[in-house]
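A.B. asks: work-v7.cif (mmCIF, C-alpha atoms and all ligand atoms) pasted underneath:
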```
data_my_file
loop_
_atom_site.group_PDB
_atom_site.id
_atom_site.type_symbol
_atom_site.label_atom_id
_atom_site.label_comp_id
_atom_site.auth_asym_id
_atom_site.auth_seq_id
_atom_site.Cartn_x
_atom_site.Cartn_y
_atom_site.Cartn_z
ATOM 1 C CA MET A 2 -24.404 34.216 -35.688
ATOM 2 C CA LYS A 3 -24.597 37.893 -36.616
ATOM 3 C CA LYS A 4 -26.925 40.051 -34.546
ATOM 4 C CA ILE A 5 -28.183 43.013 -36.496
ATOM 5 C CA GLU A 6 -30.659 45.800 -35.928
ATOM 6 C CA THR A 7 -30.844 47.688 -39.206
ATOM 7 C CA VAL A 8 -32.436 46.937 -42.556
ATOM 8 C CA SER A 9 -29.371 48.244 -44.417
ATOM 9 C CA GLU A 10 -27.051 45.753 -42.665
ATOM 10 C CA LEU A 11 -29.566 42.997 -43.340
ATOM 11 C CA ARG A 12 -29.750 43.880 -47.037
ATOM 12 C CA ASN A 13 -25.940 43.825 -47.371
ATOM 13 C CA ILE A 14 -25.769 40.320 -45.950
ATOM 14 C CA ILE A 15 -28.714 39.069 -48.013
ATOM 15 C CA SER A 16 -27.217 40.499 -51.239
ATOM 16 C CA ALA A 17 -23.873 38.807 -50.556
ATOM 17 C CA TRP A 18 -25.632 35.496 -49.921
ATOM 18 C CA ARG A 19 -27.678 35.865 -53.109
ATOM 19 C CA ARG A 20 -24.535 36.570 -55.164
ATOM 20 C CA ALA A 21 -23.038 33.373 -53.710
ATOM 21 C CA GLY A 22 -26.120 31.376 -54.760
ATOM 22 C CA GLU A 23 -27.367 30.742 -51.209
ATOM 23 C CA THR A 24 -31.029 30.128 -50.370
ATOM 24 C CA ILE A 25 -32.711 31.728 -47.352
ATOM 25 C CA ALA A 26 -35.191 30.410 -44.806
ATOM 26 C CA PHE A 27 -36.829 32.866 -42.418
ATOM 27 C CA VAL A 28 -38.496 32.437 -39.026
ATOM 28 C CA PRO A 29 -40.293 35.590 -37.816
ATOM 29 C CA THR A 30 -40.871 35.654 -34.040
ATOM 30 C CA MET A 31 -41.615 38.032 -31.204
ATOM 31 C CA GLY A 32 -38.933 36.400 -29.059
ATOM 32 C CA ASN A 33 -39.176 34.793 -25.624
ATOM 33 C CA LEU A 34 -38.324 31.625 -27.486
ATOM 34 C CA HIS A 35 -39.455 28.195 -26.324
ATOM 35 C CA PRO A 36 -38.892 24.721 -27.831
ATOM 36 C CA GLY A 37 -41.801 25.314 -30.256
ATOM 37 C CA HIS A 38 -39.901 28.221 -31.844
ATOM 38 C CA LEU A 39 -36.701 26.164 -31.976
ATOM 39 C CA GLN A 40 -38.627 23.498 -33.874
ATOM 40 C CA LEU A 41 -39.407 26.146 -36.521
ATOM 41 C CA VAL A 42 -35.713 27.011 -36.655
ATOM 42 C CA LYS A 43 -34.781 23.335 -37.119
ATOM 43 C CA GLN A 44 -37.206 23.170 -40.060
ATOM 44 C CA ALA A 45 -35.688 26.362 -41.482
ATOM 45 C CA LYS A 46 -32.210 24.806 -41.242
ATOM 46 C CA VAL A 47 -33.219 21.919 -43.512
ATOM 47 C CA SER A 48 -35.171 24.174 -45.905
ATOM 48 C CA ALA A 49 -32.389 26.474 -47.108
ATOM 49 C CA SER A 50 -28.647 27.087 -46.853
ATOM 50 C CA ARG A 51 -29.008 30.192 -44.655
ATOM 51 C CA VAL A 52 -31.365 30.957 -41.778
ATOM 52 C CA VAL A 53 -32.576 34.350 -40.582
ATOM 53 C CA VAL A 54 -34.664 34.677 -37.408
ATOM 54 C CA SER A 55 -36.305 37.968 -36.480
ATOM 55 C CA ILE A 56 -37.272 39.034 -32.983
ATOM 56 C CA PHE A 57 -39.622 41.974 -33.054
ATOM 57 C CA VAL A 58 -42.495 42.638 -30.666
ATOM 58 C CA ASN A 59 -44.773 44.265 -33.195
ATOM 59 C CA PRO A 60 -46.807 47.145 -31.704
ATOM 60 C CA MET A 61 -49.199 47.144 -34.667
ATOM 61 C CA GLN A 62 -50.697 43.764 -33.786
ATOM 62 C CA PHE A 63 -51.537 44.627 -30.173
ATOM 63 C CA GLY A 64 -54.841 46.304 -29.361
ATOM 64 C CA GLU A 65 -55.470 48.885 -26.678
ATOM 65 C CA GLY A 66 -55.282 47.317 -23.206
ATOM 66 C CA GLU A 67 -53.419 44.250 -24.542
ATOM 67 C CA ASP A 68 -50.021 43.028 -23.354
ATOM 68 C CA PHE A 69 -47.611 44.946 -25.658
ATOM 69 C CA ALA A 70 -45.799 46.634 -22.754
ATOM 70 C CA ASN A 71 -45.628 43.459 -20.661
ATOM 71 C CA TYR A 72 -44.864 41.020 -23.463
ATOM 72 C CA PRO A 73 -41.816 39.038 -22.231
ATOM 73 C CA ARG A 74 -38.603 40.374 -23.789
ATOM 74 C CA THR A 75 -35.647 38.006 -23.282
ATOM 75 C CA LEU A 76 -33.244 38.938 -26.088
ATOM 76 C CA GLU A 77 -30.026 37.757 -24.419
ATOM 77 C CA GLN A 78 -31.409 34.296 -23.650
ATOM 78 C CA ASP A 79 -33.077 34.024 -27.078
ATOM 79 C CA SER A 80 -29.868 34.984 -28.809
ATOM 80 C CA GLU A 81 -27.954 32.192 -27.042
ATOM 81 C CA ALA A 82 -30.610 29.631 -28.006
ATOM 82 C CA LEU A 83 -30.510 30.720 -31.654
ATOM 83 C CA GLN A 84 -26.726 30.669 -31.746
ATOM 84 C CA ALA A 85 -26.831 27.076 -30.445
ATOM 85 C CA GLU A 86 -29.239 26.153 -33.270
ATOM 86 C CA GLY A 87 -26.779 27.446 -35.866
ATOM 87 C CA VAL A 88 -28.835 30.435 -37.025
ATOM 88 C CA ASP A 89 -26.883 32.731 -39.387
ATOM 89 C CA VAL A 90 -28.549 36.055 -38.648
ATOM 90 C CA LEU A 91 -30.667 37.319 -35.773
ATOM 91 C CA PHE A 92 -32.510 40.420 -36.927
ATOM 92 C CA ALA A 93 -33.742 42.304 -33.845
ATOM 93 C CA PRO A 94 -34.681 45.803 -35.007
ATOM 94 C CA PRO A 95 -35.998 48.646 -32.857
ATOM 95 C CA VAL A 96 -39.554 49.808 -33.609
ATOM 96 C CA SER A 97 -38.230 52.862 -35.519
ATOM 97 C CA GLU A 98 -36.465 50.577 -38.024
ATOM 98 C CA ILE A 99 -39.713 48.807 -38.966
ATOM 99 C CA TYR A 100 -42.138 51.719 -38.694
ATOM 100 C CA ASN A 101 -40.797 55.030 -39.903
ATOM 101 C CA ARG A 102 -44.108 56.812 -39.411
ATOM 102 C CA GLU A 103 -47.029 56.561 -37.011
ATOM 103 C CA LEU A 104 -48.869 53.252 -37.137
ATOM 104 C CA THR A 105 -52.091 54.954 -38.215
ATOM 105 C CA GLN A 106 -50.218 56.474 -41.197
ATOM 106 C CA THR A 107 -48.477 53.263 -42.211
ATOM 107 C CA THR A 108 -49.418 51.438 -45.431
ATOM 108 C CA ARG A 109 -51.337 48.315 -44.505
ATOM 109 C CA VAL A 110 -51.585 44.830 -45.881
ATOM 110 C CA GLU A 111 -54.928 43.277 -45.042
ATOM 111 C CA VAL A 112 -56.580 40.001 -45.920
ATOM 112 C CA PRO A 113 -60.246 40.990 -45.793
ATOM 113 C CA LYS A 114 -62.974 38.884 -44.163
ATOM 114 C CA LEU A 115 -60.572 36.196 -42.936
ATOM 115 C CA SER A 116 -59.043 38.824 -40.628
ATOM 116 C CA ASP A 117 -62.403 39.503 -38.991
ATOM 117 C CA ILE A 118 -63.426 35.988 -37.948
ATOM 118 C CA LEU A 119 -62.329 33.841 -34.975
ATOM 119 C CA CYS A 120 -59.541 35.724 -33.146
ATOM 120 C CA GLY A 121 -60.124 38.724 -35.425
ATOM 121 C CA ALA A 122 -63.619 39.142 -33.986
ATOM 122 C CA PHE A 123 -62.122 39.520 -30.494
ATOM 123 C CA ARG A 124 -58.942 41.381 -31.459
ATOM 124 C CA PRO A 125 -60.205 43.756 -34.170
ATOM 125 C CA HIS A 126 -56.887 45.200 -35.481
ATOM 126 C CA HIS A 127 -54.681 42.265 -34.674
ATOM 127 C CA PHE A 128 -54.391 40.534 -38.037
ATOM 128 C CA VAL A 129 -53.859 43.648 -40.114
ATOM 129 C CA GLY A 130 -50.901 44.267 -37.798
ATOM 130 C CA VAL A 131 -49.646 40.741 -38.356
ATOM 131 C CA THR A 132 -49.973 40.702 -42.148
ATOM 132 C CA THR A 133 -48.509 44.202 -42.435
ATOM 133 C CA VAL A 134 -45.426 43.415 -40.359
ATOM 134 C CA VAL A 135 -44.909 40.018 -41.982
ATOM 135 C CA ALA A 136 -45.144 41.606 -45.457
ATOM 136 C CA LYS A 137 -42.586 44.226 -44.389
ATOM 137 C CA LEU A 138 -40.272 41.594 -42.902
ATOM 138 C CA PHE A 139 -40.604 39.498 -46.073
ATOM 139 C CA ASN A 140 -39.559 42.536 -48.128
ATOM 140 C CA MET A 141 -36.562 43.067 -45.874
ATOM 141 C CA VAL A 142 -35.365 39.445 -45.667
ATOM 142 C CA GLN A 143 -36.577 38.286 -49.114
ATOM 143 C CA PRO A 144 -36.615 34.637 -48.067
ATOM 144 C CA ASP A 145 -37.265 31.607 -50.273
ATOM 145 C CA VAL A 146 -39.024 29.840 -47.404
ATOM 146 C CA ALA A 147 -40.721 31.124 -44.247
ATOM 147 C CA VAL A 148 -41.676 28.874 -41.336
ATOM 148 C CA PHE A 149 -44.643 29.398 -38.986
ATOM 149 C CA GLY A 150 -46.279 27.352 -36.238
ATOM 150 C CA LYS A 151 -49.686 25.756 -36.735
ATOM 151 C CA LYS A 152 -50.633 26.815 -33.213
ATOM 152 C CA ASP A 153 -51.469 30.223 -34.685
ATOM 153 C CA TYR A 154 -53.655 28.516 -37.247
ATOM 154 C CA GLN A 155 -55.544 31.559 -38.458
ATOM 155 C CA GLN A 156 -52.310 33.554 -38.703
ATOM 156 C CA LEU A 157 -50.705 30.825 -40.826
ATOM 157 C CA PHE A 158 -53.824 30.699 -42.998
ATOM 158 C CA LEU A 159 -53.821 34.480 -43.545
ATOM 159 C CA ILE A 160 -50.122 34.632 -44.334
ATOM 160 C CA THR A 161 -50.452 31.799 -46.837
ATOM 161 C CA ARG A 162 -53.342 33.700 -48.476
ATOM 162 C CA MET A 163 -51.408 36.994 -48.480
ATOM 163 C CA VAL A 164 -48.414 35.357 -50.166
ATOM 164 C CA GLU A 165 -50.682 33.812 -52.814
ATOM 165 C CA ASP A 166 -52.649 37.011 -53.443
ATOM 166 C CA LEU A 167 -49.586 39.258 -53.644
ATOM 167 C CA ALA A 168 -47.617 36.679 -55.686
ATOM 168 C CA MET A 169 -44.752 36.757 -53.205
ATOM 169 C CA PRO A 170 -42.175 34.144 -54.282
ATOM 170 C CA ILE A 171 -42.017 32.555 -50.822
ATOM 171 C CA LYS A 172 -42.883 29.027 -49.755
ATOM 172 C CA ILE A 173 -44.817 29.047 -46.472
ATOM 173 C CA VAL A 174 -44.226 26.020 -44.273
ATOM 174 C CA GLY A 175 -46.460 25.213 -41.269
ATOM 175 C CA ILE A 176 -45.101 23.160 -38.366
ATOM 176 C CA GLU A 177 -47.075 21.065 -35.884
ATOM 177 C CA THR A 178 -47.670 22.540 -32.429
ATOM 178 C CA MET A 179 -45.249 21.498 -29.708
ATOM 179 C CA ARG A 180 -46.900 20.610 -26.419
ATOM 180 C CA GLU A 181 -45.953 20.259 -22.773
ATOM 181 C CA ALA A 182 -46.217 16.742 -21.319
ATOM 182 C CA ASN A 183 -49.816 17.491 -20.213
ATOM 183 C CA GLY A 184 -50.827 18.608 -23.735
ATOM 184 C CA LEU A 185 -50.711 22.380 -23.202
ATOM 185 C CA ALA A 186 -49.585 24.063 -26.436
ATOM 186 C CA MET A 187 -46.259 25.831 -25.945
ATOM 187 C CA SER A 188 -46.592 29.604 -26.042
ATOM 188 C CA SER A 189 -44.733 32.618 -24.701
ATOM 189 C CA ARG A 190 -47.997 33.676 -23.060
ATOM 190 C CA ASN A 191 -47.947 30.543 -20.858
ATOM 191 C CA ASN A 192 -45.550 32.630 -18.755
ATOM 192 C CA TYR A 193 -48.607 34.511 -17.533
ATOM 193 C CA LEU A 194 -49.906 31.289 -15.887
ATOM 194 C CA SER A 195 -49.094 29.994 -12.399
ATOM 195 C CA ALA A 196 -47.896 26.374 -12.033
ATOM 196 C CA GLU A 197 -51.421 25.390 -11.029
ATOM 197 C CA GLN A 198 -52.979 27.232 -13.972
ATOM 198 C CA LYS A 199 -50.560 25.458 -16.337
ATOM 199 C CA GLN A 200 -52.072 22.151 -15.227
ATOM 200 C CA GLN A 201 -55.585 23.561 -15.582
ATOM 201 C CA ALA A 202 -54.747 25.004 -19.034
ATOM 202 C CA ALA A 203 -54.242 21.508 -20.462
ATOM 203 C CA GLU A 204 -58.058 21.263 -20.456
ATOM 204 C CA VAL A 205 -58.028 23.230 -23.731
ATOM 205 C CA TYR A 206 -56.210 20.380 -25.477
ATOM 206 C CA ARG A 207 -58.343 17.739 -23.730
ATOM 207 C CA THR A 208 -61.449 19.532 -25.024
ATOM 208 C CA LEU A 209 -60.030 19.515 -28.561
ATOM 209 C CA ILE A 210 -59.261 15.787 -28.316
ATOM 210 C CA THR A 211 -62.753 14.969 -27.005
ATOM 211 C CA MET A 212 -64.408 16.997 -29.752
ATOM 212 C CA ALA A 213 -62.204 15.447 -32.457
ATOM 213 C CA ASP A 214 -63.014 11.938 -31.173
ATOM 214 C CA ARG A 215 -66.724 12.687 -31.260
ATOM 215 C CA ILE A 216 -66.441 13.913 -34.876
ATOM 216 C CA ARG A 217 -64.475 10.791 -35.831
ATOM 217 C CA GLN A 218 -67.217 8.688 -34.227
ATOM 218 C CA GLY A 219 -69.739 10.317 -36.578
ATOM 219 C CA GLU A 220 -71.079 13.344 -34.692
ATOM 220 C CA GLN A 221 -72.031 15.996 -37.265
ATOM 221 C CA ASP A 222 -74.050 18.528 -35.264
ATOM 222 C CA PHE A 223 -71.162 20.956 -35.039
ATOM 223 C CA GLU A 224 -73.176 23.694 -33.358
ATOM 224 C CA SER A 225 -74.050 21.562 -30.341
ATOM 225 C CA LEU A 226 -70.548 20.079 -30.257
ATOM 226 C CA SER A 227 -69.117 23.630 -30.064
ATOM 227 C CA GLN A 228 -71.597 24.407 -27.279
ATOM 228 C CA PHE A 229 -70.328 21.326 -25.440
ATOM 229 C CA GLY A 230 -66.762 22.687 -25.748
ATOM 230 C CA ILE A 231 -67.744 26.128 -24.437
ATOM 231 C CA LYS A 232 -69.691 24.695 -21.502
ATOM 232 C CA ASN A 233 -66.912 22.277 -20.618
ATOM 233 C CA LEU A 234 -64.305 25.069 -20.556
ATOM 234 C CA GLN A 235 -66.574 27.351 -18.528
ATOM 235 C CA GLU A 236 -67.098 24.593 -15.974
ATOM 236 C CA LYS A 237 -63.311 24.217 -15.691
ATOM 237 C CA GLY A 238 -62.850 27.916 -14.894
ATOM 238 C CA PHE A 239 -62.098 29.374 -18.373
ATOM 239 C CA GLN A 240 -63.756 32.274 -20.131
ATOM 240 C CA PRO A 241 -63.915 31.016 -23.708
ATOM 241 C CA ASP A 242 -63.899 33.586 -26.539
ATOM 242 C CA TYR A 243 -64.886 30.865 -28.987
ATOM 243 C CA VAL A 244 -64.921 27.150 -29.638
ATOM 244 C CA GLU A 245 -65.475 26.639 -33.375
ATOM 245 C CA ILE A 246 -65.438 23.870 -35.940
ATOM 246 C CA ARG A 247 -64.350 25.250 -39.298
ATOM 247 C CA ARG A 248 -63.571 23.934 -42.769
ATOM 248 C CA GLY A 249 -59.851 23.376 -43.201
ATOM 249 C CA GLU A 250 -59.843 24.717 -46.773
ATOM 250 C CA ASP A 251 -61.278 28.202 -46.157
ATOM 251 C CA LEU A 252 -61.999 28.523 -42.402
ATOM 252 C CA GLY A 253 -65.726 28.837 -43.208
ATOM 253 C CA LYS A 254 -68.267 27.476 -40.691
ATOM 254 C CA ALA A 255 -68.366 23.701 -41.117
ATOM 255 C CA GLN A 256 -71.576 21.971 -42.137
ATOM 256 C CA SER A 257 -72.406 18.319 -41.750
ATOM 257 C CA GLY A 258 -70.309 16.282 -44.222
ATOM 258 C CA ASP A 259 -67.528 18.891 -44.663
ATOM 259 C CA LYS A 260 -63.933 17.610 -44.548
ATOM 260 C CA PRO A 261 -61.174 18.238 -43.571
ATOM 261 C CA LEU A 262 -62.056 20.186 -40.429
ATOM 262 C CA VAL A 263 -60.196 22.187 -37.854
ATOM 263 C CA ILE A 264 -61.411 22.774 -34.312
ATOM 264 C CA LEU A 265 -60.244 26.110 -32.916
ATOM 265 C CA ILE A 266 -60.394 27.381 -29.351
ATOM 266 C CA ALA A 267 -59.551 30.715 -27.733
ATOM 267 C CA ALA A 268 -60.148 30.970 -23.999
ATOM 268 C CA ARG A 269 -58.987 33.152 -21.165
ATOM 269 C CA LEU A 270 -57.524 31.726 -17.994
ATOM 270 C CA GLY A 271 -56.241 34.164 -15.383
ATOM 271 C CA ASN A 272 -54.101 36.720 -17.226
ATOM 272 C CA ALA A 273 -53.558 34.578 -20.300
ATOM 273 C CA ARG A 274 -55.547 34.260 -23.500
ATOM 274 C CA LEU A 275 -54.840 30.745 -24.739
ATOM 275 C CA ILE A 276 -55.376 29.593 -28.312
ATOM 276 C CA ASP A 277 -55.112 26.086 -29.684
ATOM 277 C CA ASN A 278 -56.503 23.971 -32.493
ATOM 278 C CA LEU A 279 -56.689 20.463 -33.845
ATOM 279 C CA GLU A 280 -57.087 19.308 -37.435
ATOM 280 C CA VAL A 281 -59.532 16.481 -38.110
ATOM 281 C CA ALA A 282 -58.939 14.794 -41.472
HETATM 282 O O1 LIG B 301 -46.503 34.641 -34.357
HETATM 283 C C1 LIG B 301 -45.817 35.639 -34.018
HETATM 284 O O2 LIG B 301 -44.918 35.569 -33.193
HETATM 285 C C2 LIG B 301 -46.108 36.987 -34.652
HETATM 286 O O3 LIG B 301 -47.480 37.154 -34.878
HETATM 287 C C3 LIG B 301 -45.305 37.238 -35.947
HETATM 288 C C4 LIG B 301 -45.654 36.254 -37.042
HETATM 289 C C5 LIG B 301 -43.818 37.161 -35.640
HETATM 290 C C6 LIG B 301 -45.604 38.649 -36.484
HETATM 291 O O4 LIG B 301 -45.290 39.624 -35.568
#
```
So that I can check it, write out the structure of this file as structure tokens.
Ligand code: PAF
C.D. replies:
Amino acid sequence: MKKIETVSELRNIISAWRRAGETIAFVPTMGNLHPGHLQLVKQAKVSASRVVVSIFVNPMQFGEGEDFANYPRTLEQDSEALQAEGVDVLFAPPVSEIYNRELTQTTRVEVPKLSDILCGAFRPHHFVGVTTVVAKLFNMVQPDVAVFGKKDYQQLFLITRMVEDLAMPIKIVGIETMREANGLAMSSRNNYLSAEQKQQAAEVYRTLITMADRIRQGEQDFESLSQFGIKNLQEKGFQPDYVEIRRGEDLGKAQSGDKPLVILIAARLGNARLIDNLEVA
């Protein structure tokens, strides 16, 4: 595995691969890799002949007072894990390589409206930071396929929309969420939880399962079902940002009879903001 930090080195490798007729799968990450990330890499391996993984903690997607400075950075460990997975290139650029001017002066890529709902309502500049950096990384790597986790459901939705709207010739693949034995969705931010909180945090998934079961049994009053979810999480010691039932096709608020659905939760527990979701066919 080659570890590189500059766009020019990356472009040289990509051009050589292209001349040799190789195809490229890309997994963008912010590092601190866990088995969920490695699942994305495994999918990338079977999607193309070459795999590029990026590790870049993107300042543009963190708001003021958020965890940019404290976000776990474990490059050495991550690099070993990626090498073991047979990744061809680890692209781990410094901030100056991705942003050559101040963030407020940088050209932005924004998916309007969809960026403002759900997590966007609580993290106002987050998604413009995500779509901007992913668009930049796509321009640098020029992959045929890019793999993302379904845990960040709204992110995956926005990136799929961006690729469609900007006619980027990239296939976006979404991978099911990997969970701990107790159901907790794997996430780098679980590191902010104590062992006890990790047990408690599984209540997010239990709430999703209960709500999905109730929908499958015919419950269609989504407003009161969401209220049930919020109350349940509050009683278990969480501060929920939202518990929402949305249409799978456009993330609009679901009405009785809509299908398929996705239930999405964001809730704070201790120092962590946990997000999770469950699709209901
Ligand atoms: O999901 C993430 O880790 C990040 O939001 C991403 C897609 C790598 C963009 O910085």
A.B. asks: Pick the closest to ligand LIG 301 (chain B) from A:Asp153, A:Glu103, A:Asp117, A:Glu86: which is it, counting only C-alpha atoms and all ligand atoms?
C.D. replies: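 Once distances to ligand LIG 301 (chain B) are computed over only C-alpha atoms and all ligand atoms, the minimum belongs to A:Asp153.
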A.B. asks: Got a sec to check which residues lie within 7 Å of ligand LIG 301 (chain B), using all atoms listed in the file, and send them as JSON, numbers by chain?
C.D. replies: {"A": [29, 30, 31, 57, 58, 59, 131, 134, 135, 153]}
A.B. asks: Which residues, written as a PyMOL selection string, have at least one atom at most 6 Å from Ala268 of chain A, with only C-alpha atoms counted and residues fewer than 2 positions away on the same chain left out?
C.D. replies: chain A and resi 240-242+274-275
A.B. asks: Go ahead and save the residues from that selection, with C-alpha atoms, as a CSV table (one decimal), in the coordinates of the input.
C.D. replies:
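The resulting file, again-v3.csv, is reproduced below:
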```csv
chain,number,residue,atom,x,y,z
A,240,GLN,CA,-63.8,32.3,-20.1
A,241,PRO,CA,-63.9,31.0,-23.7
A,242,ASP,CA,-63.9,33.6,-26.5
A,274,ARG,CA,-55.5,34.3,-23.5
A,275,LEU,CA,-54.8,30.7,-24.7
```
A.B. asks: Choose the residue, out of A:Thr133, A:Gln143, A:Gln40, A:Ser189, that has the smallest atom-to-atom separation from Arg19 of chain A; count all atoms listed in the file.
C.D. replies: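 Ranked by minimum distance to Arg19 of chain A, first place goes to A:Gln143.
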A.B. asks: Determine the residue set returned by the PyMOL selection byres (((chain A and resi 173) around 10) and not hetatm) for the present structure, and present it as a ChimeraX atom specification.
C.D. replies: /A:26-27,145-149,157-158,160-162,164-165,170-172,174-175
A.B. asks: How would the residues just picked look written out with C-alpha atoms as a PDB file, in the frame of the given file?
C.D. replies:
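Result file result-v8.pdb:
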```pdb
ATOM      1  CA  ALA A  26     -35.191  30.410 -44.806  1.00  0.00           C
ATOM      2  CA  PHE A  27     -36.829  32.866 -42.418  1.00  0.00           C
ATOM      3  CA  ASP A 145     -37.265  31.607 -50.273  1.00  0.00           C
ATOM      4  CA  VAL A 146     -39.024  29.840 -47.404  1.00  0.00           C
ATOM      5  CA  ALA A 147     -40.721  31.124 -44.247  1.00  0.00           C
ATOM      6  CA  VAL A 148     -41.676  28.874 -41.336  1.00  0.00           C
ATOM      7  CA  PHE A 149     -44.643  29.398 -38.986  1.00  0.00           C
ATOM      8  CA  LEU A 157     -50.705  30.825 -40.826  1.00  0.00           C
ATOM      9  CA  PHE A 158     -53.824  30.699 -42.998  1.00  0.00           C
ATOM     10  CA  ILE A 160     -50.122  34.632 -44.334  1.00  0.00           C
ATOM     11  CA  THR A 161     -50.452  31.799 -46.837  1.00  0.00           C
ATOM     12  CA  ARG A 162     -53.342  33.700 -48.476  1.00  0.00           C
ATOM     13  CA  VAL A 164     -48.414  35.357 -50.166  1.00  0.00           C
ATOM     14  CA  GLU A 165     -50.682  33.812 -52.814  1.00  0.00           C
ATOM     15  CA  PRO A 170     -42.175  34.144 -54.282  1.00  0.00           C
ATOM     16  CA  ILE A 171     -42.017  32.555 -50.822  1.00  0.00           C
ATOM     17  CA  LYS A 172     -42.883  29.027 -49.755  1.00  0.00           C
ATOM     18  CA  VAL A 174     -44.226  26.020 -44.273  1.00  0.00           C
ATOM     19  CA  GLY A 175     -46.460  25.213 -41.269  1.00  0.00           C
TER      20      GLY A 175
END
```
A.B. asks: Extract, using only C-alpha atoms, all DNA, RNA and protein residues at most 12 Å from Thr105 of chain A, discarding same-chain residues fewer than 3 positions from it, and format them as a PyMOL selection string.
C.D. replies: chain A and resi 60-61+100-102+108-109+126+129-130
A.B. asks: Let me see the file: selected residues, C-alpha atoms, as a PDB file, keeping the file's coordinate frame.
C.D. replies:
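Output contents, as saved in part_39.pdb:
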```pdb
ATOM      1  CA  PRO A  60     -46.807  47.145 -31.704  1.00  0.00           C
ATOM      2  CA  MET A  61     -49.199  47.144 -34.667  1.00  0.00           C
ATOM      3  CA  TYR A 100     -42.138  51.719 -38.694  1.00  0.00           C
ATOM      4  CA  ASN A 101     -40.797  55.030 -39.903  1.00  0.00           C
ATOM      5  CA  ARG A 102     -44.108  56.812 -39.411  1.00  0.00           C
ATOM      6  CA  THR A 108     -49.418  51.438 -45.431  1.00  0.00           C
ATOM      7  CA  ARG A 109     -51.337  48.315 -44.505  1.00  0.00           C
ATOM      8  CA  HIS A 126     -56.887  45.200 -35.481  1.00  0.00           C
ATOM      9  CA  VAL A 129     -53.859  43.648 -40.114  1.00  0.00           C
ATOM     10  CA  GLY A 130     -50.901  44.267 -37.798  1.00  0.00           C
TER      11      GLY A 130
END
```
A.B. asks: Between atom CA of Gln256 of chain A and atom CA of Gly121 of chain A, measure the distance and give it in Å to one decimal.
C.D. replies: 21.4 Å
